[in-house]
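**Q** Shown below is the structure under consideration.
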Amino acid sequence: MGDVAVGARSGHDGEEHRGRPAEAVPAADSAVTSGSDSGTGEDGTMPGEQTRTDGEGPGDSAPAPKKQRSFWKELPILIGIALVLALLIKTFLVQAFSIPSDSMQNTLQQGDRVLVDKLTPWFGSKPQRGEVVVFHDPDNWLAGEPTPNPNPVQKVLSWIGLMPSAEEKDLIKRVIGVGGDTVSCKGTGPLKVNGKALNDKSFVYAGNTPCSVDDQGGQFSVKVPKGYIWVMGDHRQNSRDSRYNQNDKHHGMVPVKDVVGRAIVIAWPINRWDTLPIPDTFDQTGINDKSSASAALTVAPNAVALVGVLPLALWRRRKTSVAETR
């Protein structure tokens with residue numbers, strides 16, 4: 001077949017290649033015959049040969065998928081991310097605290113772990129009557145109390161928020177009065193806020209009286225300054241609270257700036273899981289009439305959180321849609 005093709009071309013040498021050197025003839029013949037060669041396609045490619053359009057040769061294949069890191073290589077990264085998240089949560093959102101004494105019985109038992117909301121104070125929310133709050137020692141209230149001695153591992157875990165705070169000098173009590181309130185208690189009770197008697201049987205330790213009959217602070221009538229709160233333990237006869245610290249520099253009051261946050265949940269032990277709501281008695285008319293401004297502060301954190309989460313949710317949804325269309 002090759003000989004036939006060469007013979008057919010030789011008859012045209014005089015017309016198509018007149019004046020060219022003889023050496024150039026085979027090249028020209030090759031160019032002419034390539035388009036009519038029955039062994040090639042219309043685009044000039046041989047059977048089974050792919051046209052190169054992306055810079056790859058005929059033998060090139062699709063790029064191999066990226067090799068995934070092994071689990072053991074990723075583990076330190078995951079642990080690092082978890083620790084950073086735990087530290088951020090402990091600093092700005094929620095922190096665990098252990099209950100060291102019986103001053104809040106029966107609401108809280110010694111050894112309970114509670115989760116404290118630290119987020120809402122960042123948005124200007126102030127402690128409310130009836131809340132159980134954790135606060136820094138205002139003026140050496142814990143003098144004479146045993147000091148915990150955590151080991152180095154407990155210190156690190158406590159610092160990043162994976163264990164309850166063990167070394168900080170913090171207390172936990174119930175808010176009875178806020179700035180502007182008058183709180184009083186005479187005889188064995190009842191305890192009064194702005195002249196309204198509290199029905200505190202649902203949270204005061206069984207067998208205790210609302211007031212303590214003594215001359216060290218059990219009988220009192222105080223006006224709470226703005227920016228302060230008056231706190232008392234639910235175990236009234238076993239709590240060194242605002243009543244018994246009236247000789248300190250704050251006269252028994254706790255500065256709002258020293259409040260760490262509100263205890264919202266008993267997280268441990270499992271058989272004591274429970275929330276810590278505000279007792280209904282603090283909602284009675286004449287005691288807890290909130291102004292519209294203070295009510296707005298209570299709602300603000302939820303609204304801000306929603307506004308913050310919405311763009312993230314939309315971004316994630318858009319990212320997922322783009323990935324699915326690829």
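Chain identifiers are assigned as A, B, and so on, following the order in which chains appear in the structure tokens; residues are numbered from 1 within each chain, and ligands are numbered from 1 in order of appearance.
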For range 171-187 of chain A, please output as a PyMOL selection string all residues within 7 Å (counting only C-alpha atoms; exclusion window: fewer than 6 positions along the same chain).
**A** chain A and resi 104+128-137+193-194+211+213+219-233
**Q** Return the single residue from A:Gln95, A:Ser103, A:Thr285, A:Ser70 that is closest to Leu115 in chain A, with distances computed using only C-alpha atoms.
**A**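 For Leu115 in chain A, the nearest of the given residues is A:Gln95.
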**Q** CA of Ala206 in chain A and CA of Leu191 in chain A, how far apart in Å?
**A** 15.6 Å
**Q** Tell me which of A:Gly286, A:Gly207, A:Gly261, A:Pro269 sits closest to Asp117 in chain A, counting only C-alpha atoms.
**A**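 Of the candidates, the smallest distance to Asp117 in chain A is held by A:Gly261.
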**Q** Just the number, please: distance in Å from CA of Gly218 in chain A to CA of Gly189 in chain A, one decimal.
**A** 10.2 Å
**Q** When distances are computed from only C-alpha atoms, which of A:Leu142, A:Ala197, A:Ile81, A:Val256 shows the smallest separation from Ser239 in chain A?
**A**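 Ranked by minimum distance to Ser239 in chain A, first place goes to A:Leu142.
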**Q** With only C-alpha atoms as the counted atoms, please give the residues lying no more than 9 Å from Gly217 in chain A, apart from itself and same-chain residues fewer than 2 positions off, as a PDB file with N, CA, C and O atoms, in the first residue's frame.
**A**
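See out06.pdb below for the written result:
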ATOM      1  N   SER A 212     -31.505  35.615 111.165  1.00  0.00           N
ATOM      2  CA  SER A 212     -30.830  34.980 112.302  1.00  0.00           C
ATOM      3  C   SER A 212     -30.947  35.907 113.503  1.00  0.00           C
ATOM      4  O   SER A 212     -30.706  37.113 113.391  1.00  0.00           O
ATOM      5  N   VAL A 213     -31.344  35.360 114.624  1.00  0.00           N
ATOM      6  CA  VAL A 213     -31.521  36.185 115.828  1.00  0.00           C
ATOM      7  C   VAL A 213     -30.179  36.292 116.544  1.00  0.00           C
ATOM      8  O   VAL A 213     -29.807  35.452 117.355  1.00  0.00           O
ATOM      9  N   ASP A 214     -29.418  37.329 116.199  1.00  0.00           N
ATOM     10  CA  ASP A 214     -28.120  37.600 116.836  1.00  0.00           C
ATOM     11  C   ASP A 214     -27.810  39.077 116.658  1.00  0.00           C
ATOM     12  O   ASP A 214     -28.539  39.803 115.982  1.00  0.00           O
ATOM     13  N   ASP A 215     -26.724  39.514 117.283  1.00  0.00           N
ATOM     14  CA  ASP A 215     -26.359  40.926 117.197  1.00  0.00           C
ATOM     15  C   ASP A 215     -25.122  41.141 116.326  1.00  0.00           C
ATOM     16  O   ASP A 215     -24.483  42.182 116.383  1.00  0.00           O
ATOM     17  N   GLN A 219     -29.887  40.705 112.317  1.00  0.00           N
ATOM     18  CA  GLN A 219     -30.989  41.674 112.299  1.00  0.00           C
ATOM     19  C   GLN A 219     -30.469  42.919 111.572  1.00  0.00           C
ATOM     20  O   GLN A 219     -29.453  43.492 111.962  1.00  0.00           O
ATOM     21  N   PHE A 220     -31.161  43.354 110.536  1.00  0.00           N
ATOM     22  CA  PHE A 220     -30.592  44.453 109.736  1.00  0.00           C
ATOM     23  C   PHE A 220     -31.673  45.181 108.951  1.00  0.00           C
ATOM     24  O   PHE A 220     -32.773  44.665 108.738  1.00  0.00           O
ATOM     25  N   SER A 242     -23.581  38.929 103.147  1.00  0.00           N
ATOM     26  CA  SER A 242     -23.597  40.383 103.324  1.00  0.00           C
ATOM     27  C   SER A 242     -23.894  40.789 104.750  1.00  0.00           C
ATOM     28  O   SER A 242     -23.362  41.793 105.263  1.00  0.00           O
ATOM     29  N   ARG A 243     -24.743  40.017 105.444  1.00  0.00           N
ATOM     30  CA  ARG A 243     -25.145  40.370 106.812  1.00  0.00           C
ATOM     31  C   ARG A 243     -23.958  40.460 107.756  1.00  0.00           C
ATOM     32  O   ARG A 243     -23.895  41.348 108.617  1.00  0.00           O
ATOM     33  N   TYR A 244     -23.005  39.547 107.578  1.00  0.00           N
ATOM     34  CA  TYR A 244     -21.904  39.424 108.541  1.00  0.00           C
ATOM     35  C   TYR A 244     -20.604  40.068 108.052  1.00  0.00           C
ATOM     36  O   TYR A 244     -19.538  39.820 108.619  1.00  0.00           O
ATOM     37  N   ASN A 245     -20.722  40.895 107.023  1.00  0.00           N
ATOM     38  CA  ASN A 245     -19.544  41.617 106.523  1.00  0.00           C
ATOM     39  C   ASN A 245     -19.832  43.112 106.400  1.00  0.00           C
ATOM     40  O   ASN A 245     -19.236  43.797 105.564  1.00  0.00           O
ATOM     41  N   GLN A 246     -20.732  43.620 107.243  1.00  0.00           N
ATOM     42  CA  GLN A 246     -21.111  45.026 107.160  1.00  0.00           C
ATOM     43  C   GLN A 246     -20.028  45.966 107.675  1.00  0.00           C
ATOM     44  O   GLN A 246     -20.136  47.183 107.506  1.00  0.00           O
TER      45      GLN A 246
END
**Q** Taking 2 positions as the minimum chain separation for residues in the same chain, which residues sit within 10 Å of Gln110 in chain A when counting only C-alpha atoms? Answer as a PyMOL selection string.
**A** chain A and resi 98-106+108+112-113
**Q** Go ahead and compute the interatomic distance for CA of Ala143 in chain A and CA of Pro255 in chain A, in Å to one decimal.
**A**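 Pair CA of Ala143 in chain A / CA of Pro255 in chain A returns 18.5 Å.
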